[in-house]
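Undergrad: Structure provided below as structure tokens; questions to follow.
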Amino acid sequence: MVNRCLPFLLSLTAAALAPAQVTSQTALANNKILKQNWTVPRTPDGHPDLQGYWANNNATPLERPKELAGRATLSDEEVAVMAKKAHELFGGNGDAAFGDNVYQAVLANVLGTQKGFKSAGGGTGDYSSVWTVERVWENRTSLITDPPDGRMPALTPGGEERQAARRAVGTHPASGPEDRSLSERCITYGSPQLTAGYQSYYHIVQAPRSVMLMTEMIHDARVIPLDAGPHLPAAVHQWLGDSRGRWEGDTLVIDTTNYKPRAFMSISSEKLHVTERFSRVAPGTLKYEITIDDPGTWTKPWSLMIPLRHSADPVYEYACQEGNEGLAGILAGARAEEQAAISGK
């Protein structure tokens, strides 16, 4: 139904979007010219220069929405309509949406199954979209490249159990900070980090024998040796895992094991094995490929690709504990709810 419905809706707005389409086509043509005259920049030791600040402000969701099943890509016209609707919803005049909720809200509005967007903040409200950046739109309908349906594989029984526990966090009375998520406790947002559109920048620094990757959220920093040495003993587990890097031609490959349970997406197991690949593919574009292999959580490995875009803006301080009163407020709110229940209010 959606495969017929979406193009039908687009045909109604094609005339209004004609100027935007011309601009998009011109930009693509200019980028092709730049790429033809571009060579990969290199460090003094001859490897591709990946250094600098890179942004993940992509609108593309991790998983393909069920409404777009069977459609790996949208047409340029469809993308233009989605981007226009996204600006209307999240251009600074309404509630903010985070993660893949941006794509889902825009798609629902384009299909006519939803009108506008309201956050799920309840009585406390939520951010305004003035605090978030507008997303970058592309033709793909999922970041996941394998399986071909753009969806994560089925969970194992252990994965299902951890997912249920994660979902229960939002309804738990929060007896203490340990009941809340790792990110709320300023421990980590996980690795690899898939945050998009909100403090979702990377900082890369290279040296001949190592590379440093830092994410803006909580400033998780990984210093990765490039000496192809062995991983830590299997009994040692870390939130960011134990990473070892190597060059395969012009691609930086990072192999990471030794994760703590729940280090990735709050549901991964200690069997998690991650392979990351970074390669310069165009001026200002870094191709970031990730393969997740965790037989304790998913029934088979899966892969995704995130195009990172170069940014002239540096990564500023992320003062999670110093400036974030959220966790104290959550615990205080839980105590207030308990007192209200006791007093019968």
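Each chain in the structure tokens gets a letter, A, B and so on, in the order shown; residues start at 1 in every chain, and ligands are counted from 1 in the order they appear.
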As a list in words, list the residues of range 81-150 of chain A assigned to alpha helix (DSSP H) by DSSP on the backbone atoms of this structure.
TA: Val81, Met82, Ala83, Lys84, Lys85, Ala86, His87, Glu88, Leu89, Phe90, Asn101, Val102, Tyr103, Gln104, Ala105, Val106, Leu107, Ala108, Asn109, Val110 and Leu111 of chain A
Undergrad: Take the residues from that selection and write them out as a short mmCIF file (atom, residue, chain, number, x, y, z; two decimals), in the first residue's frame, keeping N, CA and C atoms.
TA:
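The new file part-v3.cif reads:
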data_model
loop_
_atom_site.label_atom_id
_atom_site.label_comp_id
_atom_site.auth_asym_id
_atom_site.auth_seq_id
_atom_site.Cartn_x
_atom_site.Cartn_y
_atom_site.Cartn_z
N VAL A 81 10.31 15.91 -0.76
CA VAL A 81 9.07 16.09 0.00
C VAL A 81 9.32 15.81 1.49
N MET A 82 10.06 14.75 1.77
CA MET A 82 10.36 14.41 3.16
C MET A 82 11.16 15.52 3.83
N ALA A 83 12.17 16.05 3.14
CA ALA A 83 13.00 17.12 3.71
C ALA A 83 12.18 18.38 3.96
N LYS A 84 11.26 18.69 3.06
CA LYS A 84 10.41 19.87 3.21
C LYS A 84 9.51 19.71 4.44
N LYS A 85 8.92 18.55 4.58
CA LYS A 85 8.05 18.31 5.73
C LYS A 85 8.86 18.31 7.03
N ALA A 86 10.08 17.79 7.00
CA ALA A 86 10.93 17.80 8.19
C ALA A 86 11.22 19.23 8.64
N HIS A 87 11.45 20.13 7.69
CA HIS A 87 11.70 21.53 8.05
C HIS A 87 10.46 22.16 8.68
N GLU A 88 9.28 21.80 8.17
CA GLU A 88 8.04 22.33 8.74
C GLU A 88 7.85 21.86 10.18
N LEU A 89 8.19 20.59 10.43
CA LEU A 89 7.95 20.01 11.75
C LEU A 89 9.04 20.36 12.76
N PHE A 90 10.29 20.37 12.29
CA PHE A 90 11.42 20.46 13.23
C PHE A 90 12.38 21.59 12.90
N ASN A 101 12.83 8.84 15.57
CA ASN A 101 11.49 9.43 15.66
C ASN A 101 11.30 10.55 14.65
N VAL A 102 12.41 11.21 14.25
CA VAL A 102 12.31 12.27 13.24
C VAL A 102 11.78 11.69 11.94
N TYR A 103 12.42 10.63 11.46
CA TYR A 103 12.03 10.02 10.19
C TYR A 103 10.60 9.48 10.27
N GLN A 104 10.29 8.80 11.37
CA GLN A 104 8.96 8.21 11.52
C GLN A 104 7.88 9.28 11.52
N ALA A 105 8.12 10.39 12.21
CA ALA A 105 7.12 11.46 12.26
C ALA A 105 6.93 12.11 10.90
N VAL A 106 8.03 12.33 10.20
CA VAL A 106 7.94 12.93 8.86
C VAL A 106 7.21 12.00 7.91
N LEU A 107 7.56 10.72 7.93
CA LEU A 107 6.91 9.75 7.04
C LEU A 107 5.41 9.69 7.32
N ALA A 108 5.04 9.65 8.60
CA ALA A 108 3.62 9.58 8.95
C ALA A 108 2.87 10.82 8.48
N ASN A 109 3.49 11.99 8.56
CA ASN A 109 2.85 13.22 8.09
C ASN A 109 2.71 13.22 6.57
N VAL A 110 3.73 12.74 5.87
CA VAL A 110 3.67 12.69 4.41
C VAL A 110 2.58 11.71 3.95
N LEU A 111 2.46 10.59 4.67
CA LEU A 111 1.46 9.59 4.31
C LEU A 111 0.06 9.96 4.78
#
Undergrad: Extract, using only C-alpha atoms, all DNA, RNA and protein residues at most 12 Å from Val205 in chain A, discarding same-chain residues fewer than 5 positions from it, and format them as number ranges by chain.
TA: A: 43, 49-54, 210-215, 221-224
Undergrad: Could you check which of A:Leu226, A:Ile342, A:Ala55, A:Ala174 is closest to Val315 in chain A, using only C-alpha atoms?
TA: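 Once distances to Val315 in chain A are computed over only C-alpha atoms, the minimum belongs to A:Ala55.
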Undergrad: List the spatial neighbours of Trp247 in chain A as a ChimeraX atom specification - criterion: any atom at most 12 Å away, only C-alpha atoms, same-chain residues fewer than 3 positions off excluded.
TA: /A:46-48,208-211,225-228,244,250-255,276-279
Undergrad: Can you check which residues of range 148-228 of chain A DSSP gives as strand (DSSP E) on the backbone and send them as a ChimeraX atom specification?
TA: /A:201-207,210-215,221-225
Undergrad: Do a neighbour search on Leu327 in chain A at 9 Å with only C-alpha atoms, toss out local chain neighbours closer than 6 positions, and write the hits as a list in words.
TA: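 Once the adjacent positions are removed, what remains is Pro177, Arg180, Glu184 and Arg185 of chain A.
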Undergrad: Between CA of Leu182 in chain A and CA of Leu232 in chain A, what is the spacing in Å?
TA: 23.4 Å
